[in-house]
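Just my_file-v4.cif here, mmCIF, C-alpha atoms and all ligand atoms:
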data_upload
#
loop_
_atom_site.label_atom_id
_atom_site.label_comp_id
_atom_site.auth_asym_id
_atom_site.auth_seq_id
_atom_site.Cartn_x
_atom_site.Cartn_y
_atom_site.Cartn_z
CA MET A 1 9.12 -24.41 24.64
CA ALA A 2 10.20 -21.06 26.10
CA GLY A 3 12.14 -20.41 22.91
CA ASN A 4 9.11 -21.19 20.77
CA ASN A 5 6.90 -18.94 22.84
CA SER A 6 9.21 -15.99 22.57
CA LEU A 7 9.53 -16.53 18.84
CA THR A 8 5.75 -16.59 18.56
CA LYS A 9 5.54 -13.40 20.59
CA ALA A 10 8.18 -11.65 18.51
CA LYS A 11 6.23 -12.59 15.40
CA ALA A 12 2.98 -11.34 16.86
CA ASN A 13 4.57 -8.09 17.98
CA LYS A 14 5.81 -7.39 14.50
CA GLU A 15 2.24 -7.79 13.25
CA ASP A 16 3.22 -8.40 9.68
CA GLU A 17 0.85 -11.29 8.99
CA PHE A 18 -2.30 -9.52 7.84
CA TYR A 19 -3.94 -11.35 4.95
CA THR A 20 -5.84 -9.23 2.47
CA GLN A 21 -9.30 -10.28 1.28
CA ILE A 22 -9.84 -10.89 -2.43
CA SER A 23 -12.84 -8.52 -2.37
CA ASP A 24 -10.53 -5.66 -1.32
CA VAL A 25 -8.00 -6.55 -4.01
CA GLU A 26 -10.78 -6.59 -6.59
CA LYS A 27 -12.27 -3.28 -5.42
CA GLU A 28 -8.96 -1.51 -5.95
CA LEU A 29 -7.69 -3.33 -9.01
CA LYS A 30 -10.77 -2.50 -11.09
CA HIS A 31 -9.46 1.07 -11.42
CA TYR A 32 -6.27 0.02 -13.21
CA THR A 33 -7.27 -2.67 -15.72
CA LYS A 34 -5.70 -0.88 -18.70
CA HIS A 35 -2.25 -0.92 -17.10
CA PHE A 36 -1.96 -4.69 -16.97
CA LYS A 37 -2.19 -5.79 -20.60
CA GLY A 38 0.92 -7.69 -21.65
CA LYS A 39 2.54 -7.13 -18.25
CA HIS A 40 4.52 -9.29 -15.87
CA VAL A 41 3.08 -8.88 -12.36
CA PHE A 42 5.18 -9.71 -9.33
CA CYS A 43 3.65 -10.36 -5.89
CA ASN A 44 6.80 -10.40 -3.81
CA CYS A 45 5.34 -10.87 -0.31
CA ASP A 46 2.81 -13.51 -1.22
CA ASP A 47 2.52 -17.12 -0.29
CA PRO A 48 0.45 -18.40 -3.23
CA GLU A 49 -1.42 -20.79 -0.97
CA GLU A 50 -2.72 -17.89 1.12
CA SER A 51 -2.48 -14.76 -0.94
CA SER A 52 -5.56 -13.13 -2.41
CA PHE A 53 -3.29 -11.13 -4.70
CA TRP A 54 -1.99 -14.32 -6.25
CA ARG A 55 -5.51 -15.69 -6.48
CA TYR A 56 -6.90 -12.52 -8.04
CA PHE A 57 -4.25 -12.37 -10.75
CA ALA A 58 -4.43 -16.13 -11.42
CA LEU A 59 -8.21 -15.92 -11.81
CA ASN A 60 -7.99 -12.83 -14.01
CA PHE A 61 -4.84 -13.77 -15.92
CA SER A 62 -6.53 -13.92 -19.34
CA ARG A 63 -9.02 -11.13 -18.76
CA LEU A 64 -6.24 -8.70 -17.86
CA GLY A 65 -4.07 -10.03 -20.68
CA LEU A 66 -1.07 -10.65 -18.41
CA SER A 67 2.10 -12.08 -19.91
CA ARG A 68 3.27 -13.53 -16.62
CA LEU A 69 2.57 -13.69 -12.91
CA THR A 70 5.22 -14.43 -10.30
CA SER A 71 4.82 -14.86 -6.59
CA THR A 72 7.50 -15.51 -3.99
CA HIS A 73 6.73 -17.11 -0.68
CA TYR A 74 8.71 -15.65 2.23
CA LYS A 75 9.83 -18.30 4.68
CA GLU A 76 11.62 -16.99 7.72
CA SER A 77 14.85 -18.99 8.13
CA GLY A 78 14.33 -21.37 5.29
CA GLU A 79 14.40 -22.08 1.61
CA SER A 80 11.39 -20.92 -0.24
CA TYR A 81 9.86 -21.22 -3.68
CA ARG A 82 8.52 -19.07 -6.44
CA LEU A 83 5.50 -19.74 -8.59
CA ASP A 84 5.08 -18.51 -12.16
CA ILE A 85 2.12 -18.48 -14.50
CA TYR A 86 3.00 -17.83 -18.13
CA LYS A 87 0.96 -16.78 -21.10
CA ASP A 88 3.38 -18.82 -23.21
CA VAL A 89 5.10 -21.43 -21.09
CA PRO A 90 8.82 -21.64 -21.99
CA GLU A 91 10.18 -25.12 -22.80
CA SER A 92 12.60 -24.85 -19.88
CA GLU A 93 9.67 -24.68 -17.42
CA LYS A 94 7.51 -27.45 -18.78
CA HIS A 95 9.17 -30.25 -16.80
CA LYS A 96 8.69 -28.46 -13.46
CA PRO A 97 6.17 -29.34 -10.75
CA THR A 98 2.95 -27.43 -11.08
CA PHE A 99 0.45 -25.90 -8.71
CA LEU A 100 -3.19 -24.93 -8.79
CA THR A 101 -4.63 -22.57 -6.23
CA LEU A 102 -8.33 -23.26 -6.12
CA GLU A 103 -8.78 -26.68 -4.63
CA GLY A 104 -12.29 -28.03 -4.85
CA SER A 105 -13.38 -25.36 -7.27
CA ASN A 106 -14.53 -25.91 -10.81
CA ILE A 107 -12.98 -22.64 -11.96
CA GLU A 108 -10.16 -23.39 -14.32
CA LEU A 109 -6.91 -21.70 -13.38
CA PRO A 110 -3.74 -21.50 -15.40
CA LEU A 111 -1.02 -23.79 -14.03
CA GLY A 112 1.66 -22.28 -11.82
CA TYR A 113 5.20 -23.61 -12.32
CA ILE A 114 7.15 -24.12 -9.10
CA THR A 115 10.84 -23.26 -8.75
CA ASP A 116 12.71 -23.74 -5.48
CA LEU A 117 14.54 -20.70 -4.19
CA LYS A 118 17.95 -20.97 -2.54
CA GLU A 119 17.16 -18.05 -0.25
CA ASP A 120 14.16 -17.31 1.98
CA GLY A 121 12.07 -15.25 -0.47
CA ASP A 122 12.81 -11.97 1.33
CA PHE A 123 11.91 -9.13 -1.04
CA ARG A 124 15.47 -7.83 -0.51
CA SER A 125 17.16 -11.13 -1.42
CA GLN A 126 19.22 -11.43 -4.61
CA GLU A 127 16.75 -13.91 -6.08
CA SER A 128 13.79 -11.68 -5.39
CA ILE A 129 15.54 -8.60 -6.74
CA ALA A 130 16.38 -10.50 -9.94
CA ILE A 131 12.63 -11.08 -10.47
CA LEU A 132 11.92 -7.46 -9.56
CA GLN A 133 14.24 -6.32 -12.31
CA GLU A 134 12.42 -8.50 -14.85
CA CYS A 135 8.87 -7.66 -13.86
CA ASP A 136 6.69 -4.68 -14.86
CA ILE A 137 4.35 -4.12 -11.90
CA VAL A 138 4.59 -5.07 -8.24
CA VAL A 139 1.26 -5.61 -6.50
CA THR A 140 1.05 -6.72 -2.87
CA ASN A 141 0.45 -5.92 0.76
CA PRO A 142 4.02 -5.79 2.12
CA PRO A 143 4.97 -6.22 5.78
CA PHE A 144 4.19 -2.93 7.46
CA SER A 145 7.33 -3.04 9.59
CA LEU A 146 9.39 -2.90 6.38
CA PHE A 147 7.18 -0.51 4.43
CA ARG A 148 9.71 2.31 4.07
CA GLU A 149 12.38 -0.05 2.81
CA PHE A 150 9.91 -1.72 0.48
CA ILE A 151 8.89 1.53 -1.22
CA ILE A 152 12.46 2.80 -1.52
CA GLN A 153 13.42 -0.44 -3.25
CA LEU A 154 10.59 -0.01 -5.76
CA PHE A 155 11.84 3.47 -6.61
CA ASP A 156 15.47 2.31 -6.78
CA TYR A 157 14.43 -0.21 -9.44
CA GLN A 158 11.97 2.21 -11.08
CA LYS A 159 9.03 -0.15 -11.00
CA ASP A 160 5.32 0.43 -11.35
CA PHE A 161 3.48 -0.63 -8.24
CA LEU A 162 0.20 -0.84 -6.36
CA ILE A 163 0.63 -1.72 -2.72
CA ILE A 164 -1.29 -1.57 0.54
CA GLY A 165 0.05 0.56 3.38
CA ASN A 166 -0.97 2.40 6.47
CA GLN A 167 -1.94 6.06 6.50
CA ASN A 168 0.80 6.76 9.06
CA ALA A 169 3.40 6.06 6.39
CA ILE A 170 2.34 9.23 4.56
CA THR A 171 4.09 11.31 7.19
CA TYR A 172 7.44 9.52 6.79
CA LYS A 173 9.76 12.04 5.24
CA GLU A 174 10.90 9.88 2.29
CA ILE A 175 7.38 8.67 1.56
CA PHE A 176 5.97 12.17 1.62
CA ASN A 177 8.71 13.33 -0.78
CA TYR A 178 7.52 10.81 -3.36
CA LEU A 179 3.93 12.02 -2.89
CA GLN A 180 4.88 15.67 -3.08
CA SER A 181 6.89 15.21 -6.27
CA ASN A 182 3.98 13.32 -7.87
CA GLN A 183 6.06 10.19 -8.31
CA MET A 184 3.43 8.35 -6.32
CA TRP A 185 -0.11 8.97 -5.05
CA LEU A 186 -2.82 7.27 -3.05
CA GLY A 187 -5.08 4.72 -4.69
CA ALA A 188 -8.85 4.70 -4.95
CA ASN A 189 -9.87 3.10 -1.64
CA TYR A 190 -9.10 4.42 1.79
CA GLY A 191 -10.01 3.72 5.41
CA ASP A 192 -11.41 0.51 6.88
CA MET A 193 -10.13 -2.88 5.85
CA ALA A 194 -10.45 -6.30 7.49
CA PHE A 195 -7.65 -8.88 7.39
CA LYS A 196 -7.35 -12.52 8.40
CA VAL A 197 -4.62 -12.96 11.00
CA PRO A 198 -2.80 -16.09 12.17
CA ASP A 199 -4.02 -18.16 15.08
CA HIS A 200 -1.17 -17.07 17.37
CA TYR A 201 -2.28 -13.41 17.26
CA GLU A 202 -3.58 -12.31 20.64
CA PRO A 203 -7.25 -11.26 20.91
CA ARG A 204 -7.87 -7.52 21.22
CA LYS A 205 -10.68 -5.51 22.76
CA THR A 206 -11.56 -3.71 19.55
CA ARG A 207 -11.32 -4.44 15.87
CA PHE A 208 -10.81 -8.16 16.49
CA TRP A 209 -13.16 -11.12 16.00
CA ILE A 210 -13.23 -14.86 15.36
CA ASP A 211 -15.58 -16.07 12.66
CA ASP A 212 -17.75 -19.20 12.58
CA PHE A 213 -14.85 -21.19 11.12
CA GLY A 214 -12.52 -20.20 13.97
CA GLN A 215 -10.58 -17.78 11.77
CA LYS A 216 -9.18 -14.73 13.59
CA TRP A 217 -9.71 -11.31 12.02
CA ARG A 218 -8.44 -7.80 12.66
CA SER A 219 -9.56 -4.59 11.05
CA LEU A 220 -7.71 -1.33 10.64
CA GLY A 221 -9.26 2.04 9.97
CA ASN A 222 -6.31 3.75 8.32
CA ILE A 223 -5.46 1.64 5.34
CA CYS A 224 -4.58 3.12 1.99
CA TRP A 225 -3.09 2.07 -1.29
CA PHE A 226 0.09 3.61 -2.67
CA THR A 227 0.67 3.57 -6.41
CA ASN A 228 2.28 5.22 -9.39
CA LEU A 229 -0.36 3.87 -11.79
CA ASP A 230 -2.72 6.55 -12.96
CA PHE A 231 -6.50 6.18 -12.59
CA LYS A 232 -9.43 8.37 -13.57
CA LYS A 233 -10.85 9.16 -10.15
CA ARG A 234 -7.72 10.93 -8.94
CA HIS A 235 -8.21 13.68 -11.51
CA GLU A 236 -11.63 14.66 -10.21
CA ASP A 237 -11.67 18.06 -8.49
CA LEU A 238 -12.84 18.29 -4.92
CA ILE A 239 -16.07 20.29 -4.84
CA LEU A 240 -15.65 23.07 -2.27
CA TYR A 241 -18.35 25.27 -0.82
CA LYS A 242 -16.81 27.16 2.07
CA LYS A 243 -15.78 30.84 1.79
CA TYR A 244 -12.59 31.95 3.55
CA THR A 245 -12.91 34.08 6.70
CA PRO A 246 -9.93 34.85 8.98
CA ASP A 247 -11.98 33.94 12.06
CA GLU A 248 -12.81 30.45 10.91
CA PHE A 249 -9.39 29.73 9.44
CA PRO A 250 -6.75 31.26 11.73
CA LYS A 251 -3.06 31.32 10.83
CA TYR A 252 -0.56 29.17 12.74
CA ASP A 253 1.48 30.88 15.46
CA GLU A 254 4.77 30.79 13.59
CA TYR A 255 4.01 29.73 10.05
CA ASP A 256 2.31 31.66 7.31
CA ALA A 257 -0.55 29.28 6.53
CA ILE A 258 -4.16 28.96 7.62
CA ASN A 259 -5.42 25.96 9.56
CA VAL A 260 -8.25 23.87 8.07
CA ASN A 261 -9.69 21.14 10.32
CA LYS A 262 -11.88 19.34 7.79
CA VAL A 263 -11.09 18.45 4.21
CA ALA A 264 -14.67 19.25 3.16
CA GLU A 265 -14.24 22.77 4.54
CA ILE A 266 -11.17 23.80 2.57
CA PRO A 267 -12.08 27.35 1.46
CA TYR A 268 -12.51 27.66 -2.29
CA ASP A 269 -11.19 31.23 -2.42
CA TYR A 270 -7.97 31.24 -0.39
CA ASP A 271 -4.82 31.69 -2.46
CA GLY A 272 -2.16 31.19 0.21
CA ILE A 273 -0.88 28.07 1.92
CA MET A 274 -3.37 25.93 3.88
CA GLY A 275 -2.68 23.24 6.47
CA VAL A 276 -5.13 20.36 5.98
CA PRO A 277 -5.61 16.87 7.54
CA ILE A 278 -3.65 13.97 6.04
CA THR A 279 -6.86 12.41 4.73
CA PHE A 280 -6.84 15.17 2.11
CA LEU A 281 -4.43 13.07 0.06
CA ASN A 282 -7.20 10.63 -0.65
CA LYS A 283 -9.15 13.43 -2.35
CA ARG A 284 -6.37 15.38 -3.98
CA SER A 285 -6.46 16.07 -7.67
CA PRO A 286 -3.00 17.12 -8.91
CA GLU A 287 -4.72 19.57 -11.27
CA GLN A 288 -6.44 21.36 -8.36
CA PHE A 289 -3.84 21.60 -5.58
CA ASP A 290 -0.06 21.60 -5.23
CA LEU A 291 1.51 19.89 -2.24
CA ILE A 292 3.85 22.32 -0.52
CA GLY A 293 5.07 20.01 2.24
CA ILE A 294 4.29 18.34 5.48
CA ASP A 295 4.20 20.46 8.65
CA ARG A 296 7.20 18.98 10.47
CA TYR A 297 9.52 18.83 7.49
CA VAL A 298 8.66 21.89 5.46
CA PRO A 299 12.08 23.61 5.12
CA ASP A 300 10.94 26.98 6.54
CA ASN A 301 9.32 25.48 9.67
CA PRO A 302 11.06 27.54 12.42
CA HIS A 303 10.90 24.44 14.66
CA TYR A 304 11.89 21.90 12.02
CA GLY A 305 10.76 18.38 13.03
CA LYS A 306 7.88 19.69 15.16
CA ARG A 307 4.21 20.20 14.32
CA PHE A 308 2.62 23.64 14.09
CA THR A 309 0.82 25.38 16.94
CA LEU A 310 -2.31 27.52 17.21
CA ASN A 311 -2.44 29.69 20.35
CA ASN A 312 0.52 27.65 21.62
CA LYS A 313 -1.39 24.37 21.25
CA GLU A 314 0.01 21.72 18.94
CA VAL A 315 -2.23 20.94 15.97
CA TYR A 316 -2.68 17.41 14.54
CA ALA A 317 -0.48 16.43 11.58
CA ARG A 318 -1.08 18.72 8.63
CA ILE A 319 -0.24 18.69 4.97
CA LEU A 320 0.42 22.03 3.37
CA ILE A 321 -1.36 22.71 0.12
CA LYS A 322 -1.94 25.59 -2.27
CA ARG A 323 -4.58 26.03 -4.89
CA LYS A 324 -3.27 25.93 -8.46
CA ALA A 325 -3.18 29.41 -9.93
CA SER A 326 -5.64 28.46 -12.67
CA LYS A 327 -8.25 27.12 -10.24
C1 LIG B 1 0.76 -7.84 5.51
S1 LIG B 1 1.14 -9.50 5.11
C2 LIG B 1 0.34 -9.65 3.58
C3 LIG B 1 0.40 -10.99 2.96
C4 LIG B 1 -0.19 -11.00 1.55
N1 LIG B 1 0.57 -10.14 0.67
C5 LIG B 1 -1.62 -10.55 1.59
O1 LIG B 1 -1.89 -9.44 1.20
O2 LIG B 1 -2.47 -11.34 2.02
C6 LIG B 1 2.85 -9.34 4.69
C7 LIG B 1 3.51 -10.64 4.29
O3 LIG B 1 4.89 -10.40 4.00
C8 LIG B 1 5.66 -11.48 4.49
N2 LIG B 1 7.01 -10.95 4.78
C9 LIG B 1 7.52 -10.55 5.96
N3 LIG B 1 8.78 -10.14 5.81
C10 LIG B 1 9.07 -10.28 4.50
C11 LIG B 1 10.21 -10.04 3.72
N4 LIG B 1 11.31 -9.55 4.27
N5 LIG B 1 10.16 -10.29 2.39
C12 LIG B 1 9.03 -10.77 1.82
N6 LIG B 1 7.91 -11.03 2.51
C13 LIG B 1 7.93 -10.79 3.83
C14 LIG B 1 4.94 -11.91 5.74
O4 LIG B 1 5.25 -13.25 6.01
C15 LIG B 1 3.47 -11.68 5.35
O5 LIG B 1 2.90 -12.84 4.84
#

Same coordinates, now as structure tokens:
Amino acid sequence: MAGNNSLTKAKANKEDEFYTQISDVEKELKHYTKHFKGKHVFCNCDDPEESSFWRYFALNFSRLGLSRLTSTHYKESGESYRLDIYKDVPESEKHKPTFLTLEGSNIELPLGYITDLKEDGDFRSQESIAILQECDIVVTNPPFSLFREFIIQLFDYQKDFLIIGNQNAITYKEIFNYLQSNQMWLGANYGDMAFKVPDHYEPRKTRFWIDDFGQKWRSLGNICWFTNLDFKKRHEDLILYKKYTPDEFPKYDEYDAINVNKVAEIPYDYDGIMGVPITFLNKRSPEQFDLIGIDRYVPDNPHYGKRFTLNNKEVYARILIKRKASK
């Protein structure tokens, strides 16, 4: 019993079991429809019986014009399975067991073909990487504790992706490098999101509730999507109204940039470097601003690894930006 309890606790502490709602998947995916035609989508952290990503793509398989959908179910310490939906089912698959996801519904779903996996469905396993190599786009909400590793793997295999993450990840050095070099950007939705969580998750004072069906929920206020799929909204300029004055926008103690506390108040007429809150990335148009760096890791930070100060007081995390010369 003691062993089971500690395992349960370890699982809860990791807090990786946050199930995305289909409405949130839909709200984001509607910005990228054109990217999916003829594509093989891989949901590599998705138990098809639970996952709204699987469900969304299964329901919209024909509308999006997908060629294939694959999902792998991660099973800690155990053999797992993968599920594939095909536009044209290969002969070799036709004898396999099949799976439908919408029990009790009259919506007709394409059949999923089940294949047992020898490994546990870990996104880093050989079997999962083999699917990754074959697929075109990865779409999921990966475990937050492995987010850095997850993204690096996507870049190693040069895949298109649309994944959910936490705003804090933006300040990881490697993650910021991808953002700065425009190899990746934030998606369309940002901020609050509610997730179903397993029964063994402990209640919390805030952002936790149990619904009428006994389902536990948690919400987070700093959720964002990370992607390398282009979408229209990210090319819209931020409309700025504030004029620069040295009093309102002082320079940092030891770095040649002005401090801006609110994204909406970025001055429209300042040509030098500006330190702005991280939430700016949600509004950034690559045609309007260049990303110069992140406070702690900008190479000429005299206290590399530390945040900037104003009158000797540390300022919140800042992203350094500069207006494009033509703007
Ligand atoms: C944040 S939850 C999201 C689940 C699902 N993608 C969704 O959005 O509803 C992350 C999922 O990844 C699974 N997971 C944890 N470690 C994993 C690993 N190494 N490889 C693949 N999946 C993993 C967890 O079991 C969990 O279900």

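Taking CA of Arg307 in chain A and CA of Pro277 in chain A as the two end points, the separation is 12.4 Å.
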
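For the atom pair formed by atom C6 of ligand LIG 1 (chain B) and CA of Pro97 in chain A, the distance is 25.5 Å, given to one decimal.
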
**OP:** Could you report the residues within 7 Å of ligand LIG 1 (chain B), using all atoms listed in the file, as a ChimeraX atom specification?
**Re:** /A:16-21,44-47,50-53,73-75,121-124,140-144

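The neighbours of Pro48 in chain A here are the residues that come within 8 Å of it, using only C-alpha atoms and leaving out any residue fewer than 6 positions away in the same chain; they are Trp54, Arg55, Ser71, Thr72, His73, Leu83 and Thr101 of chain A.
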
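Using only C-alpha atoms, the set of residues no farther than 9 Å from the position (-1.1, -15.4, 13.2) comprises Thr8, Lys11, Ala12, Glu15, Asp16, Glu17, Phe18, Lys196, Val197, Pro198, Asp199, His200, Tyr201, Glu202 and Lys216 of chain A.
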
**OP:** May I have the residues within 9 Å of Ala188 in chain A as a PyMOL selection string, using only C-alpha atoms and disregarding those fewer than 5 positions away in the same chain?
**Re:** chain A and resi 27-28+31+224-225+231+233-234+282

Can you spit out the residues from that selection as a PDB file, in the coordinates of the input, using C-alpha atoms?
ATOM      1  CA  LYS A  27     -12.270  -3.280  -5.420  1.00  0.00           C
ATOM      2  CA  GLU A  28      -8.960  -1.510  -5.950  1.00  0.00           C
ATOM      3  CA  HIS A  31      -9.460   1.070 -11.420  1.00  0.00           C
ATOM      4  CA  CYS A 224      -4.580   3.120   1.990  1.00  0.00           C
ATOM      5  CA  TRP A 225      -3.090   2.070  -1.290  1.00  0.00           C
ATOM      6  CA  PHE A 231      -6.500   6.180 -12.590  1.00  0.00           C
ATOM      7  CA  LYS A 233     -10.850   9.160 -10.150  1.00  0.00           C
ATOM      8  CA  ARG A 234      -7.720  10.930  -8.940  1.00  0.00           C
ATOM      9  CA  ASN A 282      -7.200  10.630  -0.650  1.00  0.00           C
TER      10      ASN A 282
END

**OP:** For Gln133 in chain A, list every protein, DNA or RNA residue within 10 Å, evaluated using all atoms listed in the file, and leave out those in the same chain fewer than 4 positions away; present the list as a ChimeraX atom specification.
**Re:** /A:128-129,154,157-159

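For the pair CA of Ser92 in chain A and CA of Ile114 in chain A, the interatomic distance is 12.1 Å.
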
Could you produce a table of the residues of range 135-249 of chain A lying within 12 Å of range 284-297 of chain A, with the nearest pair of atoms per residue and their separation in Å rounded to one decimal, using only C-alpha atoms, ordered by chain and increasing residue number, as JSON lines?
{"residue": "A:Ile170", "atom": "CA", "partner": "A:Ile294", "partner_atom": "CA", "distance": 9.4}
{"residue": "A:Thr171", "atom": "CA", "partner": "A:Ile294", "partner_atom": "CA", "distance": 7.2}
{"residue": "A:Tyr172", "atom": "CA", "partner": "A:Ile294", "partner_atom": "CA", "distance": 9.5}
{"residue": "A:Lys173", "atom": "CA", "partner": "A:Tyr297", "partner_atom": "CA", "distance": 7.2}
{"residue": "A:Glu174", "atom": "CA", "partner": "A:Tyr297", "partner_atom": "CA", "distance": 10.4}
{"residue": "A:Ile175", "atom": "CA", "partner": "A:Ile294", "partner_atom": "CA", "distance": 10.9}
{"residue": "A:Phe176", "atom": "CA", "partner": "A:Ile294", "partner_atom": "CA", "distance": 7.5}
{"residue": "A:Asn177", "atom": "CA", "partner": "A:Gly293", "partner_atom": "CA", "distance": 8.2}
{"residue": "A:Tyr178", "atom": "CA", "partner": "A:Leu291", "partner_atom": "CA", "distance": 10.9}
{"residue": "A:Leu179", "atom": "CA", "partner": "A:Leu291", "partner_atom": "CA", "distance": 8.3}
{"residue": "A:Gln180", "atom": "CA", "partner": "A:Leu291", "partner_atom": "CA", "distance": 5.5}
{"residue": "A:Ser181", "atom": "CA", "partner": "A:Leu291", "partner_atom": "CA", "distance": 8.2}
{"residue": "A:Asn182", "atom": "CA", "partner": "A:Pro286", "partner_atom": "CA", "distance": 8.0}
{"residue": "A:Gln183", "atom": "CA", "partner": "A:Pro286", "partner_atom": "CA", "distance": 11.4}
{"residue": "A:Met184", "atom": "CA", "partner": "A:Pro286", "partner_atom": "CA", "distance": 11.2}
{"residue": "A:Trp185", "atom": "CA", "partner": "A:Arg284", "partner_atom": "CA", "distance": 9.0}
{"residue": "A:Leu186", "atom": "CA", "partner": "A:Arg284", "partner_atom": "CA", "distance": 8.9}
{"residue": "A:Gly187", "atom": "CA", "partner": "A:Arg284", "partner_atom": "CA", "distance": 10.8}
{"residue": "A:Ala188", "atom": "CA", "partner": "A:Arg284", "partner_atom": "CA", "distance": 11.0}
{"residue": "A:Asp230", "atom": "CA", "partner": "A:Pro286", "partner_atom": "CA", "distance": 11.3}
{"residue": "A:Phe231", "atom": "CA", "partner": "A:Ser285", "partner_atom": "CA", "distance": 11.0}
{"residue": "A:Lys232", "atom": "CA", "partner": "A:Ser285", "partner_atom": "CA", "distance": 10.1}
{"residue": "A:Lys233", "atom": "CA", "partner": "A:Ser285", "partner_atom": "CA", "distance": 8.6}
{"residue": "A:Arg234", "atom": "CA", "partner": "A:Ser285", "partner_atom": "CA", "distance": 5.4}
{"residue": "A:His235", "atom": "CA", "partner": "A:Ser285", "partner_atom": "CA", "distance": 4.8}
{"residue": "A:Glu236", "atom": "CA", "partner": "A:Ser285", "partner_atom": "CA", "distance": 5.9}
{"residue": "A:Asp237", "atom": "CA", "partner": "A:Ser285", "partner_atom": "CA", "distance": 5.6}
{"residue": "A:Leu238", "atom": "CA", "partner": "A:Arg284", "partner_atom": "CA", "distance": 7.2}
{"residue": "A:Ile239", "atom": "CA", "partner": "A:Gln288", "partner_atom": "CA", "distance": 10.3}
{"residue": "A:Leu240", "atom": "CA", "partner": "A:Gln288", "partner_atom": "CA", "distance": 11.2}

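Using all atoms listed in the file for every distance, the candidate list A:Lys96, A:Lys324, A:Arg318, A:Lys34 yields A:Arg318 as the residue closest to Asn261 in chain A.
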
Original post:
Neighbours of Leu117 in chain A within 7 Å (only C-alpha atoms; same-chain residues fewer than 6 positions away dropped), as a PyMOL selection string?
Top reply: chain A and resi 79-82

Original post:
Which neighbours of Asp271 in chain A fall inside 9 Å, counting all atoms listed in the file, when residues of the same chain fewer than 2 positions from it are skipped, and could you give them as an NGL selection string?
Top reply: :A and (268-269 or 273-274 or 322-325)

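Shortest atom-to-atom contact with Ile131 in chain A among A:Thr279, A:Thr227, A:Ser77, A:Thr70: A:Thr70, counting all atoms listed in the file.
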
Original post:
At a cut-off of 6 Å from (-1.7, -19.6, -14.4) in the coordinates of the file, what residues are picked up using all atoms listed in the file, written as a PyMOL selection string?
Top reply: chain A and resi 58+85+109-112

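Using all atoms listed in the file for every distance, the candidate list A:Val315, A:Ile210, A:Val41, A:Val25 yields A:Val315 as the residue closest to Tyr252 in chain A.
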
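Closest approach to Ser23 in chain A among A:Val138, A:Asp211, A:His303, A:Met193 is made by A:Met193 (distances from all atoms listed in the file).
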
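Checking A:Leu162, A:Gly305, A:Gly65, A:Gly221 one by one against Phe42 in chain A, counting only C-alpha atoms, you find the shortest gap at A:Leu162.
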